[in-house]
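See below for the structure under consideration.
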2 protein chains.
Amino acid sequence: MTLQALLGIELPIIQAPMAGVQGSALAIAVCNAGGLGSLPCAMLGPDALRQELEALRAGTARPFNVNFFCHAQPAPSAEREAAWRAALQPFFNEFGLDAAAVAAGPARLPFGPEAAAVLAEFEPAVVSFHFGLPSPELLACVRRWGGKVLSSATTVDEARWLEAQGVDAIIAQGLEAGGHRGMFLTDDLQTQMGTFALVPQIVKAVNVPVVAAGGIADAAGVAAALALGAAGVQVGTAYLLCPEATTSALHRAALKSAAARVTALTNLYTGRPARGIVNRLMRQLGPMRAGAPAFPLAASAVAPLRAAAEKRGSDGFSPLWAGQNVAGCAEVAAAVLTRSLMAELSATPAPDGEPR
Amino acid sequence: MTLQALLGIELPIIQAPMAGVQGSALAIAVCNAGGLGSLPCAMLGPDALRQELEALRAGTARPFNVNFFCHAQPAPSAEREAAWRAALQPFFNEFGLDAAAVAAGPARLPFGPEAAAVLAEFEPAVVSFHFGLPSPELLACVRRWGGKVLSSATTVDEARWLEAQGVDAIIAQGLEAGGHRGMFLTDDLQTQMGTFALVPQIVKAVNVPVVAAGGIADAAGVAAALALGAAGVQVGTAYLLCPEATTSALHRAALKSAAARVTALTNLYTGRPARGIVNRLMRQLGPMRAGAPAFPLAASAVAPLRAAAEKRGSDGFSPLWAGQNVAGCAEVAAAVLTRSLMAELSATPAPDGEPR
């Protein structure tokens, strides 16, 4: 079955869910253009989630995707938190902030029964997960209304595991991708492969449709991904400058600058490796720091620094999530961008005459 | 101009030069199959170089490529060498070897006047370089007989620099690639991109043909690289099991094992980051070590450990160079492999009816 038939969409294009830089508006625009728009839900409480789902339902009659994290919540470690704050203390001093006044705690919650109950009111066609899958009980909730389940694999082993759990399609997340690595069976970054290596190996290993992600920025990239055996693509970074995204002005400026050429995986902003444009915090502490609190606890202490720096017009403490290929970023409507990703394919029918 | 016309070859396929695992035999087989075979010359003295060039001339009437490193030779540092030997001392003890008895010194020499003089006797059609380019005077030697000059770029900046120096084509070496990173304007690994991100950005930045390298293992990979705008591909890892390669039995076994799924960049074997299958030395010392002697000096002290371990049947101290996609490795004649890389394209004519 094609990805389009599986998900009820016109184009084999998924707009990557990107928490913090987009909400329902971007998803709606992509859905109405024929792709699968995605709502990132990791940072939405039940009320905000319901509001966004209502907006989606009002904005499009087409299928959409809601995306959740499904990490295990870590036990907070006072020792690790203290070491983390000590590392950040010079910055707190610089901004005249009191590190002790900052409340610790998670800003990102894993998918749970409460969110599942809200979803059940809306029965979204597609639910995607990052960092593995939730419990079988929670997955069963989604299955109850016939929701298709997607998740990300960063290794062949993860793809095989997801297939064994019955996912409907697998997103092969190459190392080029912006934002959080979806890795869940390993935390060894050496296992993480570029899209060119990962996609064909996952395609060979599983029978479900594989969606290529990481470094795909334009129609040529989509064509290349399909040539590698992908059933579709997931594109995130290219949408970051669209007017429907909520990308901050500082983040937009960084994406348009030469700085965007150098990204790195960093765990400083949340505790898990995620790709973003290298900025001051990453340079000064080193992008990967073994002592950072476990995901998502690292975020709390950085938040006030980010706020203070942004007030001064500095992006030095903001997560500037971006993939390794910002060439596709354009200040155009998301519908235009979505359609442009398929431009080459519609102009070039496959040998059998069927649209690919 | 197509890559084929530029280099005088039939297929847009370059067999990647791989020092230590192949000589003229593999290059000849690829040339005679219509690709561009490559002779890695970094570890050949003038006599060995002449012998191999004679073999190539006898074995094929087609154009071939000779590949050289062009690093600056570092000043040896007694302090760094001593620290390096101290780190290796436990292994010397384990194998009953005397670290003090090991001669320090380079095993890999940069392209120089002596090699240029040997080349002039043979006038190879193509000369490719790794780690930048040699001096303008040395390049002029190659130009004198009309040799085409290629070099590798790992960033957009490096590609632009190479174009400004007048190279005839640029190899865009994605992070998936096995062996040494060709990086020369930076030693910051954060700048290194996956093939999917690197190739289109370099294609956009320069006007010379771009050859995609890294993670390309089969006909689908070749088709994908061409879709990204590459004029051709460079394939290395897939050739490692061919009978014409001199890949050691231990290296072959590792490539066929599950271990090949996890590669890493390591500077332990030479002093520069190169991708290989993770093995014991890499695990025990960490694959990247700031204190390792500068390229190529790190190699000397590891050599006796490698020899002793291999005698015991262990690959734990051998550089097991490989890219992130070993799916294309097959024990087939190099000619068969070369032809198979183009299978899909010859079966699928481009829309204008011309072979791509």
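By order of appearance in the structure tokens: chains A, B, ..., then residues from 1 within every chain, and ligands from 1 in the order shown.
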Quiz item: Got a sec to tell me which of stretch 72-132 of chain A DSSP assigns to alpha helix (DSSP H), as a PyMOL selection string?
Solution: chain A and resi 78-95+113-122
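Per DSSP on the backbone, strand (DSSP E) in stretch 30-179 of chain A comprises Ser38, Leu39, Pro40, Asn65, Val66, Asn67, Phe68, Phe69, Val126, Val127, Ser128, Phe129, His130, Lys148, Val149, Leu150, Ser151, Ser152, Ala153, Ala169, Ile170, Ile171, Ala172, Gln173 and Gly179 of chain A.
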Taking only C-alpha atoms into account, produce a table as a tab-separated table in which each residue of chain A with an atom at most 8 Å from an atom of chain B appears once, together with its shortest atom pair and the distance in Å to one decimal, ordered by chain and rising number.
```
residue	atom	partner	partner_atom	distance
A:Leu175	CA	B:Gly194	CA	7.0
A:Glu176	CA	B:Gly194	CA	5.9
A:Gln190	CA	B:Ala264	CA	5.5
A:Thr191	CA	B:Val262	CA	5.4
A:Met193	CA	B:Gln324	CA	6.5
A:Gly194	CA	B:Gly194	CA	5.1
A:Thr195	CA	B:Phe196	CA	6.3
A:Phe196	CA	B:Gly215	CA	5.5
A:Ala197	CA	B:Gly215	CA	4.6
A:Leu198	CA	B:Asn325	CA	7.5
A:Gln201	CA	B:Ala327	CA	7.0
A:Gly214	CA	B:Phe196	CA	7.6
A:Gly215	CA	B:Ala197	CA	4.6
A:Ile216	CA	B:Phe196	CA	7.0
A:Ala220	CA	B:Leu228	CA	5.3
A:Gly221	CA	B:Leu228	CA	5.9
A:Ala223	CA	B:Ala227	CA	6.2
A:Ala224	CA	B:Ala224	CA	4.0
A:Ala225	CA	B:Ala224	CA	6.6
A:Leu226	CA	B:Ala224	CA	7.8
A:Ala227	CA	B:Ala224	CA	5.1
A:Leu228	CA	B:Ala220	CA	5.3
A:Gly229	CA	B:Ala220	CA	7.5
A:Arg261	CA	B:Thr191	CA	7.6
A:Val262	CA	B:Thr191	CA	5.4
A:Thr263	CA	B:Gln190	CA	6.5
A:Ala264	CA	B:Gln190	CA	5.5
A:Gln324	CA	B:Ala197	CA	5.8
A:Asn325	CA	B:Ala197	CA	5.0
A:Ala327	CA	B:Gln201	CA	7.0
A:Thr348	CA	B:Pro351	CA	6.9
A:Pro351	CA	B:Thr348	CA	7.0
```
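Atom CA of B:Gln173 lies 12.4 Å from atom CA of B:Val203.
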Quiz item: Can you list, as an MDAnalysis selection string, every protein, DNA or RNA residue that comes within 7 Å of A:Ala322 when you count only C-alpha atoms, leaving out same-chain residues fewer than 6 positions away?
Solution: chainID A and resid 178:179 237 275:277
Self-check item: Residue neighbourhood stretch 39-44 of chain A, 7 Å, only C-alpha atoms, exclusion window fewer than 3 positions, as an MDAnalysis selection string
Solution: chainID A and resid 17:19 23:24 27 48:49 65:69 107:110
Export C-alpha atoms of the chosen residues as a short mmCIF file (atom, residue, chain, number, x, y, z; two decimals), in the first residue's frame?
```
data_model
loop_
_atom_site.label_atom_id
_atom_site.label_comp_id
_atom_site.auth_asym_id
_atom_site.auth_seq_id
_atom_site.Cartn_x
_atom_site.Cartn_y
_atom_site.Cartn_z
CA PRO A 17 6.15 17.99 14.05
CA MET A 18 8.34 20.68 15.60
CA ALA A 19 7.49 21.59 19.18
CA GLY A 23 1.15 24.81 16.12
CA SER A 24 -2.05 23.99 14.30
CA ALA A 27 -0.34 21.73 10.13
CA ALA A 48 -4.02 23.55 25.00
CA LEU A 49 -4.16 20.21 23.20
CA ASN A 65 -1.04 13.84 12.51
CA VAL A 66 -0.61 14.49 16.21
CA ASN A 67 2.85 13.83 17.60
CA PHE A 68 3.84 12.87 21.13
CA PHE A 69 7.04 12.08 22.96
CA ALA A 107 8.45 20.96 30.51
CA ARG A 108 7.80 18.03 28.24
CA LEU A 109 5.45 15.23 29.29
CA PRO A 110 5.22 11.80 27.71
#
```
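Interatomic distance, atom CA of B:Glu163 against atom CA of B:Leu341: 27.7 Å.
Proximity to B:Ser318 at 10 Å, evaluated using only C-alpha atoms and with sequence-adjacent residues fewer than 4 positions away removed, yields Ser248, Leu250, His251, Tyr269, Gly276, Ile277, Asn279, Arg280, Leu281, Met282, Val302, Ala303, Leu305, Arg306, Ala307, Ala309, Glu310 and Ser314 of chain B.
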Would you save the residues from that selection as a PDB file, in the first residue's frame, using C-alpha atoms?
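The resulting out_3.pdb:
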```pdb
ATOM      1  CA  SER B 248      42.382  -8.901   4.827  1.00  0.00           C
ATOM      2  CA  LEU B 250      39.818 -10.357   9.329  1.00  0.00           C
ATOM      3  CA  HIS B 251      38.526  -7.186   7.702  1.00  0.00           C
ATOM      4  CA  TYR B 269      44.921   4.650  13.665  1.00  0.00           C
ATOM      5  CA  GLY B 276      35.774   2.319  10.483  1.00  0.00           C
ATOM      6  CA  ILE B 277      33.970  -0.510  12.220  1.00  0.00           C
ATOM      7  CA  ASN B 279      36.707  -2.450  17.405  1.00  0.00           C
ATOM      8  CA  ARG B 280      38.638  -3.052  20.591  1.00  0.00           C
ATOM      9  CA  LEU B 281      41.157  -0.194  20.417  1.00  0.00           C
ATOM     10  CA  MET B 282      38.376   2.263  19.579  1.00  0.00           C
ATOM     11  CA  VAL B 302      49.760   1.054  16.644  1.00  0.00           C
ATOM     12  CA  ALA B 303      51.382  -0.965  13.848  1.00  0.00           C
ATOM     13  CA  LEU B 305      49.960  -4.022  18.137  1.00  0.00           C
ATOM     14  CA  ARG B 306      47.992  -4.630  14.988  1.00  0.00           C
ATOM     15  CA  ALA B 307      50.531  -7.158  13.739  1.00  0.00           C
ATOM     16  CA  ALA B 309      46.815  -9.039  17.395  1.00  0.00           C
ATOM     17  CA  GLU B 310      46.272 -10.188  13.831  1.00  0.00           C
ATOM     18  CA  SER B 314      42.104 -10.622  16.434  1.00  0.00           C
TER      19      SER B 314
END
```
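By only C-alpha atoms, and with residues fewer than 2 positions from B:Phe64 along its chain excluded, the set lying at most 7 Å from it is B:Cys31, B:Leu36, B:Gly37, B:Ser38, B:Arg62, B:Val66, B:Pro124, B:Ala125, B:Val126.
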May I have the selected residues written with N, CA and C atoms, as a short mmCIF file (atom, residue, chain, number, x, y, z; two decimals), in the first residue's frame?
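The resulting result24.cif:
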```cif
data_model
loop_
_atom_site.label_atom_id
_atom_site.label_comp_id
_atom_site.auth_asym_id
_atom_site.auth_seq_id
_atom_site.Cartn_x
_atom_site.Cartn_y
_atom_site.Cartn_z
N CYS B 31 37.98 -0.20 -14.20
CA CYS B 31 38.19 0.50 -15.48
C CYS B 31 37.64 -0.31 -16.65
N LEU B 36 35.59 4.38 -13.33
CA LEU B 36 36.93 4.91 -13.16
C LEU B 36 37.57 4.20 -11.96
N GLY B 37 38.50 3.32 -12.27
CA GLY B 37 39.23 2.64 -11.20
C GLY B 37 40.26 3.58 -10.60
N SER B 38 40.56 3.39 -9.31
CA SER B 38 41.48 4.30 -8.63
C SER B 38 42.57 3.51 -7.93
N ARG B 62 41.94 1.90 -20.62
CA ARG B 62 41.01 2.99 -20.27
C ARG B 62 41.63 3.95 -19.26
N VAL B 66 44.74 8.08 -10.15
CA VAL B 66 45.71 7.83 -9.07
C VAL B 66 45.43 8.83 -7.96
N PRO B 124 48.77 9.61 -16.13
CA PRO B 124 47.41 9.12 -15.84
C PRO B 124 46.36 10.18 -16.15
N ALA B 125 45.22 9.72 -16.63
CA ALA B 125 44.17 10.65 -17.08
C ALA B 125 43.60 11.46 -15.93
N VAL B 126 43.58 10.88 -14.75
CA VAL B 126 42.95 11.54 -13.61
C VAL B 126 43.85 11.40 -12.39
#
```
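Distance-wise, atom CA of A:Ile202 and atom CA of A:Leu7 end up 19.9 Å apart.
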